[in-house]
Amino acid sequence: MSGSHERRVTRRGVRGAAASAAVALGIAAAATAVFGGGDGGPEDPRRAGARESASVVSAAPSPAPSSGPATPSAPPSRPVPTESPRLYRHPDSQVLEWVRTHPGDPRRPVIESRIANRPTAVWFTEYAPGTVTSRVRAVTSAAAAQDRVPVLVAYAIPDRDCGGASEGGAPDLDAYDGWIDRFAAGLGSGETVVILEPDSIAQAGCLPEARRADRFASLARAGRVLKAANPRARVYYDAGHSGWNAPEKQAALLRQAGAASADGVFSNVSNFRGTADESAYDRRVLDALGGPPDLGAVIDTSRNGNGAPREGEWCDPAGRRIGRAPTFATGEARIDAYLWVKPPGESDGCRGAAGEFSPSYAYELASS
């Protein structure tokens with residue numbers, strides 16, 4: 001997703017040499033067990049698709065059948081979400097800009113009422129360490145003033161998208177650690193949702209073993225930094241989607257990346273898998289992940305109203321539709337929220353540049 005993200009440069013995260021070596025060795029060993037030896041290539045058929053959002057603050061595919069029915073039982077300490085705090089709608093999204101500047105377009109009423117009037121995530125994709133704190137703070141402070149909950153996407157991991165349509169990110173992991181520190185400095189003290197690095201875990205098989213271990217160590221550190229900066233921030237880690245890795249495999253990767261110490265996982269970002277499939281899959285991932293009983297999951301429902309397209313189609317496929325409206329009131333055990341993480345209408349790279357708003361695609365999604 002093209003767009004803007006920032007990083008903190010003030011002082012780079014210090015990974016103690018001894019601790020770093022121990023973490024890296026442990027992660028490397030586990031990664032070998034999950035991925036096997038060797039470098040591994042990009043997982044194109046299962047890739048989540050282009051993520052970049054051209055908005056400064058704005059927002060893949062795979063085959064495999066549903067993970068099958070699950071019989072989740074929410075732990076007594078985790079109530080089923082039935083009440084929903086109000087989500088924040090950022091005023092500078094690409095779709096709102098299009099609505100403002102095209103008052104006479106016949107597609108405008110549908111796009112405005114079904115997409116533009118609903119809250120979507122705000123993506124931070126640019127490696128701009130000098131401004132990331134102020135940009136994050138601008139969103140969180142505006143949301144707090146309205147007593148609403150913003151959804152922020154941190155998307156600047158090095159080797160992002162394995163060199164695909166949304167390639168980019170920080171130059172290296174030390175720089176990334178610094179960017180995360182600056183991102184965290186803008187979180188404020190209000191309730192916030194952070195979607196931490198889509199594809200960074202599910203797609204990590206494209207990296208050599210040692211670099212996977214380093215990435216997972218940085219992601220674990222990122223979760224700690226974000227939670228320390230704002231204990232009310234809900235930090236979710238990448239679970240891919242129900243047609244990608246098996247739940248047990250994904251849980252093993254998530255464990256290496258420190259997800260069991262955060263708030264849970266997210267799935268289906270920029271993808272099209274059905275909500276029922278994702279709910280069942282996420283519960284199985286959480287069961288396999290272990291950790292505290294209050295870990296939950298969020299599902300991107302922005303484009304899954306018609307379910308997944310034909311096998312292998314991931315780039316702005318035809319026949320898709322917006323899914324369930326964003327809410328925390330899912331009524332489902334261990335499913336914390338349905339969110340519109342990928343802003344509907346922003347291209348995967350086929351209806352326009354990756355992250356660019358396409359009114360024709362938005363209209364198709366909203367009227368299918």
# chains A, B, ... in the order shown; residues from 1 in each chain; ligands from 1

call {"tool": "residues_around", "arguments": {"residues": "segment 252-269 of chain A", "least_positions_apart": "3", "cutoff": "6 Å", "atoms": "only C-alpha atoms", "output": "ChimeraX atom specification"}}
result
/A:27,216,219-220,234-241,249,291,295-300

call {"tool": "write_last_selection", "arguments": {"atoms": "N, CA, C and O atoms", "output": "PDB file, in the first residue's frame"}}
result
ATOM      1  N   ILE A  27      14.177 -18.320  17.853  1.00  0.00           N
ATOM      2  CA  ILE A  27      13.270 -18.118  16.737  1.00  0.00           C
ATOM      3  C   ILE A  27      13.758 -18.868  15.518  1.00  0.00           C
ATOM      4  O   ILE A  27      12.992 -19.468  14.780  1.00  0.00           O
ATOM      5  N   PHE A 216      11.037 -11.601  13.198  1.00  0.00           N
ATOM      6  CA  PHE A 216      10.153 -11.973  14.294  1.00  0.00           C
ATOM      7  C   PHE A 216      10.579 -11.310  15.607  1.00  0.00           C
ATOM      8  O   PHE A 216       9.738 -10.920  16.423  1.00  0.00           O
ATOM      9  N   LEU A 219       9.302  -7.791  15.430  1.00  0.00           N
ATOM     10  CA  LEU A 219       7.857  -7.733  15.624  1.00  0.00           C
ATOM     11  C   LEU A 219       7.484  -7.940  17.092  1.00  0.00           C
ATOM     12  O   LEU A 219       6.576  -7.280  17.618  1.00  0.00           O
ATOM     13  N   ALA A 220       8.180  -8.860  17.764  1.00  0.00           N
ATOM     14  CA  ALA A 220       7.930  -9.061  19.195  1.00  0.00           C
ATOM     15  C   ALA A 220       8.248  -7.786  19.966  1.00  0.00           C
ATOM     16  O   ALA A 220       7.503  -7.377  20.866  1.00  0.00           O
ATOM     17  N   ARG A 234      -4.878  -1.772  21.509  1.00  0.00           N
ATOM     18  CA  ARG A 234      -5.066  -3.190  21.231  1.00  0.00           C
ATOM     19  C   ARG A 234      -4.191  -3.530  20.028  1.00  0.00           C
ATOM     20  O   ARG A 234      -4.411  -3.007  18.933  1.00  0.00           O
ATOM     21  N   VAL A 235      -3.224  -4.377  20.225  1.00  0.00           N
ATOM     22  CA  VAL A 235      -2.250  -4.699  19.179  1.00  0.00           C
ATOM     23  C   VAL A 235      -2.532  -6.104  18.649  1.00  0.00           C
ATOM     24  O   VAL A 235      -2.542  -7.077  19.405  1.00  0.00           O
ATOM     25  N   TYR A 236      -2.741  -6.192  17.336  1.00  0.00           N
ATOM     26  CA  TYR A 236      -3.064  -7.459  16.694  1.00  0.00           C
ATOM     27  C   TYR A 236      -1.996  -7.828  15.670  1.00  0.00           C
ATOM     28  O   TYR A 236      -1.497  -6.971  14.940  1.00  0.00           O
ATOM     29  N   TYR A 237      -1.693  -9.135  15.601  1.00  0.00           N
ATOM     30  CA  TYR A 237      -0.639  -9.664  14.741  1.00  0.00           C
ATOM     31  C   TYR A 237      -1.219 -10.429  13.546  1.00  0.00           C
ATOM     32  O   TYR A 237      -2.331 -10.963  13.602  1.00  0.00           O
ATOM     33  N   ASP A 238      -0.403 -10.540  12.511  1.00  0.00           N
ATOM     34  CA  ASP A 238      -0.798 -11.098  11.223  1.00  0.00           C
ATOM     35  C   ASP A 238      -1.058 -12.608  11.256  1.00  0.00           C
ATOM     36  O   ASP A 238      -0.140 -13.403  11.445  1.00  0.00           O
ATOM     37  N   ALA A 239      -2.319 -12.991  11.012  1.00  0.00           N
ATOM     38  CA  ALA A 239      -2.668 -14.417  10.918  1.00  0.00           C
ATOM     39  C   ALA A 239      -2.941 -14.838   9.482  1.00  0.00           C
ATOM     40  O   ALA A 239      -3.435 -15.940   9.249  1.00  0.00           O
ATOM     41  N   GLY A 240      -2.635 -13.984   8.506  1.00  0.00           N
ATOM     42  CA  GLY A 240      -2.898 -14.346   7.118  1.00  0.00           C
ATOM     43  C   GLY A 240      -4.388 -14.429   6.847  1.00  0.00           C
ATOM     44  O   GLY A 240      -5.129 -13.480   7.113  1.00  0.00           O
ATOM     45  N   HIS A 241      -4.856 -15.555   6.356  1.00  0.00           N
ATOM     46  CA  HIS A 241      -6.292 -15.783   6.171  1.00  0.00           C
ATOM     47  C   HIS A 241      -6.545 -17.280   6.051  1.00  0.00           C
ATOM     48  O   HIS A 241      -5.602 -18.088   6.017  1.00  0.00           O
ATOM     49  N   LYS A 249       0.295 -24.141  11.821  1.00  0.00           N
ATOM     50  CA  LYS A 249       1.519 -23.546  11.285  1.00  0.00           C
ATOM     51  C   LYS A 249       1.548 -22.047  11.549  1.00  0.00           C
ATOM     52  O   LYS A 249       2.553 -21.487  11.991  1.00  0.00           O
ATOM     53  N   GLY A 291      -1.401 -18.811  25.109  1.00  0.00           N
ATOM     54  CA  GLY A 291      -1.399 -17.467  25.668  1.00  0.00           C
ATOM     55  C   GLY A 291      -2.612 -17.232  26.535  1.00  0.00           C
ATOM     56  O   GLY A 291      -3.404 -18.149  26.808  1.00  0.00           O
ATOM     57  N   LEU A 295      -7.127 -13.430  24.543  1.00  0.00           N
ATOM     58  CA  LEU A 295      -6.691 -13.100  23.190  1.00  0.00           C
ATOM     59  C   LEU A 295      -7.868 -13.241  22.235  1.00  0.00           C
ATOM     60  O   LEU A 295      -8.655 -14.192  22.336  1.00  0.00           O
ATOM     61  N   GLY A 296      -7.981 -12.290  21.297  1.00  0.00           N
ATOM     62  CA  GLY A 296      -9.084 -12.332  20.345  1.00  0.00           C
ATOM     63  C   GLY A 296      -8.597 -12.105  18.929  1.00  0.00           C
ATOM     64  O   GLY A 296      -7.401 -12.094  18.652  1.00  0.00           O
ATOM     65  N   ALA A 297      -9.538 -11.922  18.014  1.00  0.00           N
ATOM     66  CA  ALA A 297      -9.200 -11.746  16.608  1.00  0.00           C
ATOM     67  C   ALA A 297     -10.062 -10.653  15.994  1.00  0.00           C
ATOM     68  O   ALA A 297     -11.196 -10.417  16.426  1.00  0.00           O
ATOM     69  N   VAL A 298      -9.518  -9.988  14.991  1.00  0.00           N
ATOM     70  CA  VAL A 298     -10.293  -9.058  14.182  1.00  0.00           C
ATOM     71  C   VAL A 298     -10.237  -9.539  12.734  1.00  0.00           C
ATOM     72  O   VAL A 298      -9.233 -10.099  12.284  1.00  0.00           O
ATOM     73  N   ILE A 299     -11.319  -9.316  12.014  1.00  0.00           N
ATOM     74  CA  ILE A 299     -11.455  -9.790  10.635  1.00  0.00           C
ATOM     75  C   ILE A 299     -11.709  -8.593   9.727  1.00  0.00           C
ATOM     76  O   ILE A 299     -12.578  -7.759  10.018  1.00  0.00           O
ATOM     77  N   ASP A 300     -10.965  -8.526   8.634  1.00  0.00           N
ATOM     78  CA  ASP A 300     -11.203  -7.488   7.627  1.00  0.00           C
ATOM     79  C   ASP A 300     -12.380  -7.929   6.759  1.00  0.00           C
ATOM     80  O   ASP A 300     -12.295  -8.909   6.012  1.00  0.00           O
TER      81      ASP A 300
END

call {"tool": "closest_residue", "arguments": {"among": "A:Ser113, A:Pro247, A:Glu191, A:Gly104", "to": "Ala145 of chain A", "atoms": "only C-alpha atoms"}}
result
A:Glu191

call {"tool": "residues_around", "arguments": {"residues": "Asp316 of chain A", "least_positions_apart": "4", "cutoff": "8 Å", "atoms": "only C-alpha atoms", "output": "PyMOL selection string"}}
result
chain A and resi 347-351+361

call {"tool": "write_last_selection", "arguments": {"atoms": "all heavy atoms", "output": "compact mmCIF listing (two decimals), in the first residue's frame"}}
result
# COMPACT_ATOMS: atom_id res chain seq x y z
N SER A 347 -7.09 0.33 -4.95
CA SER A 347 -6.69 -0.75 -5.84
C SER A 347 -5.61 -1.64 -5.27
O SER A 347 -4.76 -1.20 -4.49
CB SER A 347 -6.21 -0.15 -7.17
OG SER A 347 -5.74 -1.15 -8.04
N ASP A 348 -5.61 -2.90 -5.71
CA ASP A 348 -4.52 -3.82 -5.41
C ASP A 348 -3.37 -3.65 -6.40
O ASP A 348 -2.32 -4.25 -6.24
CB ASP A 348 -5.01 -5.28 -5.49
CG ASP A 348 -6.03 -5.61 -4.42
OD1 ASP A 348 -5.86 -5.14 -3.29
OD2 ASP A 348 -7.02 -6.31 -4.73
N GLY A 349 -3.63 -2.86 -7.44
CA GLY A 349 -2.59 -2.63 -8.44
C GLY A 349 -3.04 -2.92 -9.86
O GLY A 349 -2.26 -2.75 -10.79
N CYS A 350 -4.31 -3.32 -10.04
CA CYS A 350 -4.81 -3.62 -11.39
C CYS A 350 -5.81 -2.57 -11.89
O CYS A 350 -5.83 -2.26 -13.07
CB CYS A 350 -5.46 -5.01 -11.41
SG CYS A 350 -4.26 -6.35 -11.17
N ARG A 351 -6.64 -2.03 -11.01
CA ARG A 351 -7.57 -0.97 -11.41
C ARG A 351 -6.90 0.41 -11.32
O ARG A 351 -7.53 1.42 -11.56
CB ARG A 351 -8.81 -0.98 -10.51
CG ARG A 351 -9.54 -2.30 -10.41
CD ARG A 351 -10.35 -2.60 -11.66
NE ARG A 351 -11.11 -3.82 -11.49
CZ ARG A 351 -12.45 -3.86 -11.34
NH1 ARG A 351 -13.15 -2.75 -11.36
NH2 ARG A 351 -13.06 -5.02 -11.20
N TYR A 361 -14.15 0.83 -9.31
CA TYR A 361 -14.06 -0.36 -8.47
C TYR A 361 -14.89 -0.18 -7.20
O TYR A 361 -15.59 -1.10 -6.75
CB TYR A 361 -12.60 -0.65 -8.14
CG TYR A 361 -12.37 -2.00 -7.50
CD1 TYR A 361 -13.09 -3.12 -7.87
CD2 TYR A 361 -11.39 -2.16 -6.50
CE1 TYR A 361 -12.88 -4.36 -7.28
CE2 TYR A 361 -11.18 -3.40 -5.92
CZ TYR A 361 -11.91 -4.49 -6.31
OH TYR A 361 -11.70 -5.71 -5.72

call {"tool": "atom_distance", "arguments": {"atom1": "atom CA of Ala362 of chain A", "atom2": "atom CA of Lys342 of chain A"}}
result
11.9 Å

call {"tool": "atom_distance", "arguments": {"atom1": "atom CA of Glu332 of chain A", "atom2": "atom CA of Gly290 of chain A"}}
result
19.0 Å

call {"tool": "atom_distance", "arguments": {"atom1": "atom CA of Arg283 of chain A", "atom2": "atom CA of Phe328 of chain A"}}
result
16.5 Å

call {"tool": "closest_residue", "arguments": {"among": "A:Cys315, A:Ser279, A:Thr133, A:Ala308", "to": "Thr330 of chain A", "atoms": "only C-alpha atoms"}}
result
A:Ser279
